[in-house]
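Okay, so here's the structure we're looking at.
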Amino acid sequence: MAPATLESAFSKDSTSTAVIVPSKPAVTVSYQKLSADVKAFQQQLAKHGVSAGAAVSIALPNTYEFIVSFIAAAWQRAIAAPLNPAYKQSEFEFYIDDLSSAIALVPRGAFGKDAAAVRAARKYNAAIAEVYYNGSEVVLDIKEAGKLAGKTEAVLTAQPEDVALVLHTSGTTGRPKAVPLTHRNLLRTMKNIQATYELTAKDRTYLVMPLFHVHGLLAGFLAPLASGGSVVVPLKFSASEFWVDFVEHKANWYTAVPTIHQILLRNPLPSPVPQIRFIRSCSSPLSPKTFHELEKALNAPVLEAYAMTEAAHQMTSNPLPPGKRQPGSVGIGQGVEIKILDDSGNEVAQGKEGEICIKGENVTKGYLNNPAANETSFHKNGFFRTGDQGKKDPDGYVIITGRIKELINKGGEKISPIELDNVIAQHPAVSEAVSFAVEDEIYGQDVGLSVVVKAGQKLNADELRGWLTERVAKFKLPKKIFFTDIMPKTATGKIQRRLVAEAMLKKEQPNAKL
């Protein structure tokens, strides 16, 4: 029996379709071709000195180049570290420095433009390589050798306990936490997702989620391919192109955040509506209203799931028919143990609220270089604390009732308010800054910000937002900015985001809106 690694999952000598890139003309890649391209790219990584445990920062959009470089890095026993290509230089610097990345992979042309990822990699002496598909193979074009200068490595064989992927998750401490996921973690989630949705070689999904997120990477890409099916990979989500590609390439399911479902409902639907086996929703709460509208419009079962990076994505899901789909619930455990526990790690009575906690082979064993977070994130009984408050109904379906942690969940993008506060506090005119979640019709939540300006200084919302634009990714920019003379605090002088949010939203007179 082959070991549980990505190589065992994707080294297939099959002529069936694995990947379709819906360009003009479309690029169709078989499993056989994908395997050959990954092996060739792995050889290039080895030739340039990428060794076991080396971090490979991948600053590429959803492309065939991303797919090949991600799998090849994992095969080479390296650590794939996908990054949002839209990050600013300071954000790239944090992630590249945090993992001491050996090499940064950027799109063709990025080096010549001295792009943000290139400047960040150079600062930490990481090798810089442009990656592009020339029509026959994916090329690794080394532009600066950095710390890999003069090095070479043999072609390696990954082991189940090797860390294949590291993603950072925003934490309540403000500093993003590095989540290491092994080949075994990923393979378990892939099998869980395959089992939940009964994925087979007959299935074809349309990928709308970014591959630098665990949702798109595991549920939208790795699990479908491990099932022998195929994946249609557009460069990015486009409401105008979605149904054209979906129908043309004969997709029969997709997974997305509620924001994307809502956008599709607001745009013209194809006629006739294609046959869709199921629609999956994950990464932020799906309202029962959107659930019913989606099922009615597309004549397909909508299955809401619950996931997080630390679990290599999926933890629960509503089941396929004839199983019960329950609007407002994230379903039942899928290949993991789900318990509702109190602060001491004891299970609460059926129907009572507590913290949703999980245990399973897909769950990370702990954060990298963060013993304090590991101490507080796991109960002594081994259950991981999700930070979400919830309960189970009589049928065991999980209902999330609140967020214990204070992360802002903008359409599936998790934003740490403390991380944002720390950036804003660097503005010379800002005395205090507190960011918090505000309700948003499209994204579920967006960013609100309360600011106290230093005495004698002047600052308006447009100036602050313009200053922030140079320092954080666009999705982190505040939608609403409130200026106040005094920041609301508790009797003991502590700032509670909930109290600040309530006080500011009562005013409902933000200086500016995006």
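Every chain in the structure tokens takes a letter, A first, then B, and so on in the order presented; its residues are numbered from 1, and the ligands are numbered from 1 following the presented order.
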(Q) I'd like the contact shell of Ala312 (chain A) - 8 Å cut-off, only C-alpha atoms, skipping same-chain residues fewer than 4 positions apart - returned as a VMD selection string. (A) chain A and resid 181 185 to 186 189 214 218 307 to 308 362 to 364
Proximity of region 447-506 of chain A to region 406-430 of chain A: per-residue shortest pair, 10 Å limit, only C-alpha atoms, as a Markdown table:
| residue | atom | partner | partner_atom | distance |
| --- | --- | --- | --- | --- |
| A:Val447 | CA | A:Ile408 | CA | 7.0 |
| A:Gly448 | CA | A:Ile408 | CA | 9.5 |
| A:Leu449 | CA | A:Asp421 | CA | 8.7 |
| A:Ser450 | CA | A:Asp421 | CA | 9.7 |
| A:Val451 | CA | A:Val430 | CA | 6.9 |
| A:Val452 | CA | A:Val430 | CA | 6.2 |
| A:Val453 | CA | A:Val430 | CA | 4.7 |
| A:Lys454 | CA | A:Ala429 | CA | 5.5 |
| A:Ala455 | CA | A:Ala429 | CA | 8.5 |
| A:Gly456 | CA | A:Ala429 | CA | 8.8 |
| A:Gln457 | CA | A:Ala429 | CA | 5.7 |
| A:Lys458 | CA | A:Ala429 | CA | 6.9 |
| A:Leu459 | CA | A:Ala429 | CA | 6.8 |
| A:Leu464 | CA | A:His427 | CA | 8.2 |
| A:Arg465 | CA | A:Ile424 | CA | 9.7 |
| A:Trp467 | CA | A:His427 | CA | 8.2 |
| A:Leu468 | CA | A:Ile424 | CA | 7.3 |
| A:Arg471 | CA | A:Val423 | CA | 7.7 |
| A:Val472 | CA | A:Val423 | CA | 8.3 |
| A:Phe475 | CA | A:Glu413 | CA | 7.9 |
| A:Lys476 | CA | A:Ile415 | CA | 6.8 |
| A:Leu477 | CA | A:Leu420 | CA | 9.1 |
| A:Pro478 | CA | A:Leu420 | CA | 9.6 |
| A:Gln496 | CA | A:Glu406 | CA | 9.9 |
| A:Arg497 | CA | A:Glu406 | CA | 7.9 |
| A:Arg498 | CA | A:Glu406 | CA | 8.8 |
(Q) Which residues are close to Thr401 (chain A), i.e. within 10 Å by only C-alpha atoms, leaving aside same-chain residues fewer than 5 positions away? Reply as a list of chain:residue names. (A)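 With the cut-off at 10 Å, the set is A:Gly328, A:Ser329, A:Glu353, A:Gly354, A:Glu355, A:Asp388, A:Gln389, A:Gly390, A:Lys391.
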**Q.** Leu217 (chain A) environment, 10 Å, only C-alpha atoms, sequence neighbours closer than 4 positions dropped, as JSON, numbers by chain
**A.** {"A": [62, 67, 70, 82, 207, 209, 210, 211, 212, 213, 221, 222, 223, 312, 313]}
Now that the selection is made, can you save its residues with N, CA and C atoms as a PDB file, in the first residue's frame?
ATOM      1  N   ASN A  62      -4.533  31.728  -9.507  1.00  0.00           N
ATOM      2  CA  ASN A  62      -5.082  30.420  -9.892  1.00  0.00           C
ATOM      3  C   ASN A  62      -4.718  30.123 -11.344  1.00  0.00           C
ATOM      4  N   ILE A  67      -0.722  25.137  -9.809  1.00  0.00           N
ATOM      5  CA  ILE A  67      -1.032  23.731  -9.555  1.00  0.00           C
ATOM      6  C   ILE A  67       0.230  22.876  -9.596  1.00  0.00           C
ATOM      7  N   PHE A  70       2.839  23.845  -6.769  1.00  0.00           N
ATOM      8  CA  PHE A  70       2.398  23.425  -5.438  1.00  0.00           C
ATOM      9  C   PHE A  70       2.633  21.927  -5.230  1.00  0.00           C
ATOM     10  N   PRO A  82       1.510  28.905  -0.090  1.00  0.00           N
ATOM     11  CA  PRO A  82       0.800  29.795  -1.011  1.00  0.00           C
ATOM     12  C   PRO A  82       0.507  31.149  -0.366  1.00  0.00           C
ATOM     13  N   LEU A 207     -13.781  25.755 -10.232  1.00  0.00           N
ATOM     14  CA  LEU A 207     -13.060  26.321  -9.093  1.00  0.00           C
ATOM     15  C   LEU A 207     -13.183  27.847  -9.079  1.00  0.00           C
ATOM     16  N   MET A 209     -12.794  29.557  -5.867  1.00  0.00           N
ATOM     17  CA  MET A 209     -12.089  30.024  -4.679  1.00  0.00           C
ATOM     18  C   MET A 209     -10.587  30.101  -4.952  1.00  0.00           C
ATOM     19  N   PRO A 210      -9.884  31.060  -4.326  1.00  0.00           N
ATOM     20  CA  PRO A 210      -8.438  31.164  -4.545  1.00  0.00           C
ATOM     21  C   PRO A 210      -7.683  29.961  -3.991  1.00  0.00           C
ATOM     22  N   LEU A 211      -6.664  29.551  -4.709  1.00  0.00           N
ATOM     23  CA  LEU A 211      -5.869  28.395  -4.290  1.00  0.00           C
ATOM     24  C   LEU A 211      -4.929  28.716  -3.133  1.00  0.00           C
ATOM     25  N   PHE A 212      -4.769  29.995  -2.792  1.00  0.00           N
ATOM     26  CA  PHE A 212      -3.949  30.326  -1.612  1.00  0.00           C
ATOM     27  C   PHE A 212      -4.752  30.203  -0.329  1.00  0.00           C
ATOM     28  N   HIS A 213      -6.035  29.818  -0.437  1.00  0.00           N
ATOM     29  CA  HIS A 213      -6.882  29.547   0.725  1.00  0.00           C
ATOM     30  C   HIS A 213      -7.141  28.050   0.817  1.00  0.00           C
ATOM     31  N   PHE A 221      -9.981  21.783  -5.210  1.00  0.00           N
ATOM     32  CA  PHE A 221      -8.940  21.279  -6.103  1.00  0.00           C
ATOM     33  C   PHE A 221      -8.406  19.893  -5.734  1.00  0.00           C
ATOM     34  N   LEU A 222      -7.777  19.759  -4.570  1.00  0.00           N
ATOM     35  CA  LEU A 222      -7.106  18.498  -4.239  1.00  0.00           C
ATOM     36  C   LEU A 222      -8.084  17.334  -4.093  1.00  0.00           C
ATOM     37  N   ALA A 223      -9.183  17.542  -3.361  1.00  0.00           N
ATOM     38  CA  ALA A 223     -10.141  16.443  -3.161  1.00  0.00           C
ATOM     39  C   ALA A 223     -10.772  15.972  -4.470  1.00  0.00           C
ATOM     40  N   ALA A 312      -7.205  21.391   8.179  1.00  0.00           N
ATOM     41  CA  ALA A 312      -6.963  21.146   6.748  1.00  0.00           C
ATOM     42  C   ALA A 312      -8.290  21.269   5.995  1.00  0.00           C
ATOM     43  N   HIS A 313      -9.072  22.221   6.447  1.00  0.00           N
ATOM     44  CA  HIS A 313     -10.368  22.601   5.882  1.00  0.00           C
ATOM     45  C   HIS A 313     -11.529  21.859   6.550  1.00  0.00           C
TER      46      HIS A 313
END
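Each of A:Gln42, A:Ser238, A:Ser271, A:Gln32 was checked against Val208 (chain A) using only C-alpha atoms; the smallest atom-to-atom distance is that of A:Ser238.
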Q | DSSP-assigned strand (DSSP E or B) members of region 12-204 of chain A, reported as a PyMOL selection string | A | chain A and resi 17-21+27-30+55-58+79-82+103-107+127-133+138-144+163-169+177-182+204
Q: Enumerate as an MDAnalysis selection string all residues of region 287-447 of chain A assigned to helix (DSSP H, G or I) by DSSP on the backbone, naming them with the chain letters and numbers the document uses.
A: chainID A and resid 288:298 309:311 371:377 417:424
Output C-alpha atoms of each residue in that selection to a file, as a short mmCIF file (atom, residue, chain, number, x, y, z; two decimals), in the first residue's frame.
data_model
loop_
_atom_site.label_atom_id
_atom_site.label_comp_id
_atom_site.auth_asym_id
_atom_site.auth_seq_id
_atom_site.Cartn_x
_atom_site.Cartn_y
_atom_site.Cartn_z
CA PRO A 288 -31.42 30.30 5.25
CA LYS A 289 -32.79 32.90 2.79
CA THR A 290 -29.83 32.44 0.40
CA PHE A 291 -30.03 28.67 0.92
CA HIS A 292 -33.65 28.52 -0.26
CA GLU A 293 -33.12 30.99 -3.12
CA LEU A 294 -30.15 29.01 -4.40
CA GLU A 295 -31.93 25.65 -4.27
CA LYS A 296 -34.96 27.08 -6.04
CA ALA A 297 -32.99 28.91 -8.75
CA LEU A 298 -30.56 26.11 -9.57
CA THR A 309 -7.28 25.97 8.25
CA GLU A 310 -6.19 24.05 11.36
CA ALA A 311 -8.37 21.11 10.29
CA PRO A 371 3.92 27.31 22.24
CA ALA A 372 1.59 29.85 23.84
CA ALA A 373 -1.04 29.39 21.12
CA ASN A 374 -0.62 25.61 21.26
CA GLU A 375 -1.15 25.67 25.02
CA THR A 376 -4.46 27.51 24.73
CA SER A 377 -5.73 25.90 21.51
CA PRO A 417 -8.62 43.18 14.03
CA ILE A 418 -5.55 43.41 16.26
CA GLU A 419 -3.23 43.00 13.30
CA LEU A 420 -5.10 45.83 11.58
CA ASP A 421 -5.06 47.97 14.74
CA ASN A 422 -1.29 47.60 14.93
CA VAL A 423 -0.84 48.86 11.38
CA ILE A 424 -3.20 51.83 11.84
#
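For Lys250 (chain A), the list of residues within 12 Å, based on only C-alpha atoms and with local chain neighbours fewer than 5 positions off taken out, reads Ile20, Pro22, Lys202, Asp203, Arg204, Thr205, Tyr206, Ser230, Val231, Val232, Phe242, Trp243, Val244, Asp245, Val273, Pro274, Gln275, Ile276 and Arg277 of chain A.
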For the residues in the current selection, export C-alpha atoms as a PDB file, in the first residue's frame.
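Saved as again-v6.pdb:
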ATOM      1  CA  ILE A  20      -9.068  22.458 -17.717  1.00  0.00           C
ATOM      2  CA  PRO A  22     -10.737  27.903 -19.730  1.00  0.00           C
ATOM      3  CA  LYS A 202     -17.479  11.360 -13.334  1.00  0.00           C
ATOM      4  CA  ASP A 203     -17.501  14.633 -11.393  1.00  0.00           C
ATOM      5  CA  ARG A 204     -16.142  17.925 -12.638  1.00  0.00           C
ATOM      6  CA  THR A 205     -16.000  21.037 -10.468  1.00  0.00           C
ATOM      7  CA  TYR A 206     -15.645  24.692 -11.385  1.00  0.00           C
ATOM      8  CA  SER A 230     -11.500  16.987 -13.043  1.00  0.00           C
ATOM      9  CA  VAL A 231     -11.268  20.657 -12.159  1.00  0.00           C
ATOM     10  CA  VAL A 232     -11.975  23.710 -14.300  1.00  0.00           C
ATOM     11  CA  PHE A 242     -19.075  31.594 -14.580  1.00  0.00           C
ATOM     12  CA  TRP A 243     -22.029  29.986 -16.346  1.00  0.00           C
ATOM     13  CA  VAL A 244     -20.436  30.177 -19.795  1.00  0.00           C
ATOM     14  CA  ASP A 245     -17.481  28.121 -18.563  1.00  0.00           C
ATOM     15  CA  VAL A 273     -30.139  25.721 -16.015  1.00  0.00           C
ATOM     16  CA  PRO A 274     -27.467  22.990 -16.227  1.00  0.00           C
ATOM     17  CA  GLN A 275     -27.771  19.796 -14.244  1.00  0.00           C
ATOM     18  CA  ILE A 276     -25.935  20.396 -10.984  1.00  0.00           C
ATOM     19  CA  ARG A 277     -25.395  17.448  -8.651  1.00  0.00           C
TER      20      ARG A 277
END
Could you name the residues that touch Val50 (chain A) at 12 Å or less, counting only C-alpha atoms, but leaving out those on the same chain fewer than 3 positions away, as a short mmCIF file (atom, residue, chain, number, x, y, z; two decimals) with N, CA and C atoms, in the first residue's frame?
data_model
loop_
_atom_site.label_atom_id
_atom_site.label_comp_id
_atom_site.auth_asym_id
_atom_site.auth_seq_id
_atom_site.Cartn_x
_atom_site.Cartn_y
_atom_site.Cartn_z
N PHE A 41 8.97 19.57 -12.95
CA PHE A 41 9.15 20.77 -12.13
C PHE A 41 9.86 20.42 -10.83
N GLN A 42 9.56 19.26 -10.27
CA GLN A 42 10.26 18.81 -9.06
C GLN A 42 11.75 18.68 -9.34
N GLN A 43 12.10 18.16 -10.51
CA GLN A 43 13.51 18.05 -10.88
C GLN A 43 14.18 19.42 -10.96
N GLN A 44 13.42 20.42 -11.46
CA GLN A 44 13.98 21.77 -11.51
C GLN A 44 14.19 22.34 -10.11
N LEU A 45 13.24 22.10 -9.22
CA LEU A 45 13.40 22.56 -7.83
C LEU A 45 14.62 21.92 -7.19
N ALA A 46 14.77 20.61 -7.40
CA ALA A 46 15.92 19.88 -6.84
C ALA A 46 17.24 20.41 -7.41
N LYS A 47 17.26 20.62 -8.71
CA LYS A 47 18.47 21.12 -9.38
C LYS A 47 18.95 22.43 -8.77
N GLY A 53 12.01 20.24 3.84
CA GLY A 53 11.73 21.24 4.86
C GLY A 53 11.91 22.68 4.41
N ALA A 54 12.38 22.89 3.19
CA ALA A 54 12.54 24.25 2.68
C ALA A 54 11.18 24.83 2.33
N ALA A 55 10.95 26.09 2.69
CA ALA A 55 9.67 26.73 2.39
C ALA A 55 9.71 27.35 0.99
N VAL A 56 8.67 27.03 0.22
CA VAL A 56 8.54 27.57 -1.13
C VAL A 56 7.33 28.50 -1.13
N SER A 57 7.59 29.81 -1.14
CA SER A 57 6.50 30.78 -1.16
C SER A 57 5.96 30.89 -2.58
N ALA A 72 4.54 19.88 -6.93
CA ALA A 72 5.96 19.54 -7.06
C ALA A 72 6.73 19.86 -5.79
N ALA A 73 6.43 21.00 -5.16
CA ALA A 73 7.10 21.36 -3.91
C ALA A 73 6.82 20.31 -2.84
N ALA A 74 5.56 19.87 -2.76
CA ALA A 74 5.21 18.85 -1.77
C ALA A 74 5.89 17.52 -2.06
N TRP A 75 5.97 17.14 -3.33
CA TRP A 75 6.66 15.89 -3.71
C TRP A 75 8.14 15.94 -3.32
N GLN A 76 8.72 17.14 -3.37
CA GLN A 76 10.15 17.31 -3.10
C GLN A 76 10.44 17.39 -1.60
N ARG A 77 9.43 17.09 -0.76
CA ARG A 77 9.53 17.17 0.70
C ARG A 77 9.70 18.60 1.19
N ALA A 78 9.47 19.57 0.31
CA ALA A 78 9.51 20.97 0.70
C ALA A 78 8.15 21.36 1.28
N ILE A 79 8.06 22.59 1.76
CA ILE A 79 6.82 23.11 2.34
C ILE A 79 6.24 24.13 1.38
N ALA A 80 5.10 23.83 0.80
CA ALA A 80 4.43 24.79 -0.06
C ALA A 80 3.75 25.85 0.81
N SER A 101 11.70 31.50 4.00
CA SER A 101 11.50 30.87 2.70
C SER A 101 12.79 30.76 1.90
N ALA A 102 12.97 29.60 1.28
CA ALA A 102 14.16 29.37 0.44
C ALA A 102 14.00 30.03 -0.91
N ILE A 103 12.76 30.06 -1.41
CA ILE A 103 12.51 30.57 -2.76
C ILE A 103 11.10 31.13 -2.84
N ALA A 104 10.95 32.17 -3.66
CA ALA A 104 9.63 32.75 -3.93
C ALA A 104 9.33 32.58 -5.41
N ALA A 126 15.81 35.31 -0.23
CA ALA A 126 15.19 34.12 -0.83
C ALA A 126 15.46 34.13 -2.33
N ALA A 127 15.62 32.96 -2.90
CA ALA A 127 15.74 32.89 -4.35
C ALA A 127 14.43 33.39 -4.97
N ALA A 145 19.44 33.77 -7.35
CA ALA A 145 19.61 32.51 -6.62
C ALA A 145 19.52 32.70 -5.11
N GLY A 146 19.81 33.90 -4.62
CA GLY A 146 19.70 34.17 -3.19
C GLY A 146 20.42 33.13 -2.34
N LYS A 147 19.78 32.65 -1.30
CA LYS A 147 20.38 31.69 -0.37
C LYS A 147 20.56 30.31 -1.00
N LEU A 148 19.99 30.08 -2.18
CA LEU A 148 20.16 28.79 -2.85
C LEU A 148 21.36 28.78 -3.80
N ALA A 149 22.09 29.87 -3.87
CA ALA A 149 23.23 29.98 -4.80
C ALA A 149 24.21 28.83 -4.59
N GLY A 150 24.54 28.13 -5.68
CA GLY A 150 25.52 27.05 -5.64
C GLY A 150 25.00 25.75 -5.06
N LYS A 151 23.74 25.70 -4.67
CA LYS A 151 23.20 24.50 -4.04
C LYS A 151 22.50 23.60 -5.06
N THR A 152 22.48 22.32 -4.74
CA THR A 152 21.71 21.36 -5.53
C THR A 152 21.19 20.28 -4.58
N GLU A 153 20.21 19.53 -5.01
CA GLU A 153 19.61 18.52 -4.17
C GLU A 153 19.14 17.36 -5.04
N ALA A 154 19.10 16.19 -4.45
CA ALA A 154 18.55 15.04 -5.18
C ALA A 154 17.03 15.17 -5.26
N VAL A 155 16.43 14.44 -6.18
CA VAL A 155 14.97 14.36 -6.23
C VAL A 155 14.53 13.46 -5.07
N LEU A 156 13.68 13.99 -4.20
CA LEU A 156 13.33 13.31 -2.95
C LEU A 156 11.95 12.66 -3.04
#
Q) Which one is closest to Gly351 (chain A): A:Asp395, A:Asp462, A:Glu337, A:Glu248? Count only C-alpha atoms. A)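 With only C-alpha atoms as the atom set, the closest residue is A:Asp395.
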Q) Hey, which of A:Val398, A:Ile128, A:Val336, A:Val38 ends up closest to Gln350 (chain A)? Count only C-alpha atoms. A)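 Of all the options, A:Val398 lies closest to Gln350 (chain A).
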Q: Mind checking which residues fall within 12 Å of region 502-504 of chain A, counting only C-alpha atoms, ignoring those fewer than 5 positions away in the same chain, and posting them as a list in words?
A: Val434, Ser435, Phe436, Ala437, Val438, Glu439, Gly448, Leu449, Ser450, Val451, Lys480, Ile481, Phe482, Phe483, Thr484, Asp485, Ile486, Met487, Pro488, Lys489, Gln496, Arg497, Gln509, Pro510 and Asn511 of chain A
Put those residues in a file: N, CA and C atoms, as a PDB file, in the first residue's frame.
ATOM      1  N   VAL A 434      -9.308  51.099  16.878  1.00  0.00           N
ATOM      2  CA  VAL A 434      -9.934  49.804  17.171  1.00  0.00           C
ATOM      3  C   VAL A 434     -10.788  49.405  15.969  1.00  0.00           C
ATOM      4  N   SER A 435     -10.451  48.262  15.379  1.00  0.00           N
ATOM      5  CA  SER A 435     -11.237  47.761  14.249  1.00  0.00           C
ATOM      6  C   SER A 435     -12.170  46.657  14.737  1.00  0.00           C
ATOM      7  N   PHE A 436     -13.260  46.457  14.004  1.00  0.00           N
ATOM      8  CA  PHE A 436     -14.277  45.497  14.431  1.00  0.00           C
ATOM      9  C   PHE A 436     -15.132  45.128  13.228  1.00  0.00           C
ATOM     10  N   ALA A 437     -15.938  44.097  13.404  1.00  0.00           N
ATOM     11  CA  ALA A 437     -16.796  43.632  12.313  1.00  0.00           C
ATOM     12  C   ALA A 437     -18.065  44.471  12.244  1.00  0.00           C
ATOM     13  N   VAL A 438     -18.476  44.801  11.021  1.00  0.00           N
ATOM     14  CA  VAL A 438     -19.782  45.413  10.794  1.00  0.00           C
ATOM     15  C   VAL A 438     -20.543  44.517   9.820  1.00  0.00           C
ATOM     16  N   GLU A 439     -21.837  44.480   9.958  1.00  0.00           N
ATOM     17  CA  GLU A 439     -22.642  43.638   9.072  1.00  0.00           C
ATOM     18  C   GLU A 439     -22.603  44.176   7.647  1.00  0.00           C
ATOM     19  N   GLY A 448     -15.077  47.640  10.176  1.00  0.00           N
ATOM     20  CA  GLY A 448     -15.373  48.952  10.747  1.00  0.00           C
ATOM     21  C   GLY A 448     -14.157  49.412  11.542  1.00  0.00           C
ATOM     22  N   LEU A 449     -13.995  50.707  11.682  1.00  0.00           N
ATOM     23  CA  LEU A 449     -12.814  51.235  12.366  1.00  0.00           C
ATOM     24  C   LEU A 449     -13.182  52.469  13.167  1.00  0.00           C
ATOM     25  N   SER A 450     -12.766  52.493  14.420  1.00  0.00           N
ATOM     26  CA  SER A 450     -12.936  53.663  15.277  1.00  0.00           C
ATOM     27  C   SER A 450     -11.555  54.257  15.557  1.00  0.00           C
ATOM     28  N   VAL A 451     -11.452  55.562  15.397  1.00  0.00           N
ATOM     29  CA  VAL A 451     -10.141  56.224  15.506  1.00  0.00           C
ATOM     30  C   VAL A 451     -10.219  57.434  16.419  1.00  0.00           C
ATOM     31  N   LYS A 480     -16.222  51.287   6.899  1.00  0.00           N
ATOM     32  CA  LYS A 480     -16.734  52.416   7.670  1.00  0.00           C
ATOM     33  C   LYS A 480     -15.656  52.896   8.643  1.00  0.00           C
ATOM     34  N   ILE A 481     -15.429  54.201   8.666  1.00  0.00           N
ATOM     35  CA  ILE A 481     -14.453  54.787   9.590  1.00  0.00           C
ATOM     36  C   ILE A 481     -15.181  55.819  10.459  1.00  0.00           C
ATOM     37  N   PHE A 482     -15.062  55.648  11.754  1.00  0.00           N
ATOM     38  CA  PHE A 482     -15.675  56.559  12.710  1.00  0.00           C
ATOM     39  C   PHE A 482     -14.566  57.300  13.459  1.00  0.00           C
ATOM     40  N   PHE A 483     -14.703  58.609  13.608  1.00  0.00           N
ATOM     41  CA  PHE A 483     -13.762  59.368  14.427  1.00  0.00           C
ATOM     42  C   PHE A 483     -14.454  59.724  15.741  1.00  0.00           C
ATOM     43  N   THR A 484     -13.751  59.545  16.833  1.00  0.00           N
ATOM     44  CA  THR A 484     -14.334  59.810  18.147  1.00  0.00           C
ATOM     45  C   THR A 484     -13.285  60.472  19.040  1.00  0.00           C
ATOM     46  N   ASP A 485     -13.732  61.249  19.991  1.00  0.00           N
ATOM     47  CA  ASP A 485     -12.797  61.898  20.918  1.00  0.00           C
ATOM     48  C   ASP A 485     -12.354  60.943  22.013  1.00  0.00           C
ATOM     49  N   ILE A 486     -13.248  60.026  22.398  1.00  0.00           N
ATOM     50  CA  ILE A 486     -12.946  59.082  23.487  1.00  0.00           C
ATOM     51  C   ILE A 486     -13.317  57.675  23.032  1.00  0.00           C
ATOM     52  N   MET A 487     -12.397  56.749  23.178  1.00  0.00           N
ATOM     53  CA  MET A 487     -12.669  55.359  22.825  1.00  0.00           C
ATOM     54  C   MET A 487     -13.426  54.680  23.962  1.00  0.00           C
ATOM     55  N   PRO A 488     -14.588  54.104  23.707  1.00  0.00           N
ATOM     56  CA  PRO A 488     -15.334  53.418  24.774  1.00  0.00           C
ATOM     57  C   PRO A 488     -14.503  52.314  25.429  1.00  0.00           C
ATOM     58  N   LYS A 489     -14.537  52.270  26.759  1.00  0.00           N
ATOM     59  CA  LYS A 489     -13.773  51.266  27.507  1.00  0.00           C
ATOM     60  C   LYS A 489     -14.638  50.701  28.632  1.00  0.00           C
ATOM     61  N   GLN A 496     -13.080  46.727  24.687  1.00  0.00           N
ATOM     62  CA  GLN A 496     -13.786  45.555  24.159  1.00  0.00           C
ATOM     63  C   GLN A 496     -14.368  45.928  22.808  1.00  0.00           C
ATOM     64  N   ARG A 497     -13.984  45.185  21.804  1.00  0.00           N
ATOM     65  CA  ARG A 497     -14.414  45.528  20.445  1.00  0.00           C
ATOM     66  C   ARG A 497     -15.933  45.588  20.325  1.00  0.00           C
ATOM     67  N   GLN A 509     -22.959  57.320  11.479  1.00  0.00           N
ATOM     68  CA  GLN A 509     -22.602  58.442  10.623  1.00  0.00           C
ATOM     69  C   GLN A 509     -21.121  58.375  10.299  1.00  0.00           C
ATOM     70  N   PRO A 510     -20.699  57.312   9.608  1.00  0.00           N
ATOM     71  CA  PRO A 510     -19.299  57.210   9.227  1.00  0.00           C
ATOM     72  C   PRO A 510     -18.907  58.364   8.320  1.00  0.00           C
ATOM     73  N   ASN A 511     -17.663  58.769   8.432  1.00  0.00           N
ATOM     74  CA  ASN A 511     -17.185  59.883   7.614  1.00  0.00           C
ATOM     75  C   ASN A 511     -17.165  59.561   6.132  1.00  0.00           C
TER      76      ASN A 511
END
(Q) Please report the interatomic distance between CA of Gly109 (chain A) and CA of Glu130 (chain A) in Å with one decimal. (A) 7.3 Å
Q: Would you please work out which residue, of A:Ala158, A:Gly382, A:Met190, A:Thr255, is nearest to Ser51 (chain A) when using only C-alpha atoms?
A: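 Of A:Ala158, A:Gly382, A:Met190, A:Thr255, the one nearest Ser51 (chain A), counting only C-alpha atoms, is A:Ala158.
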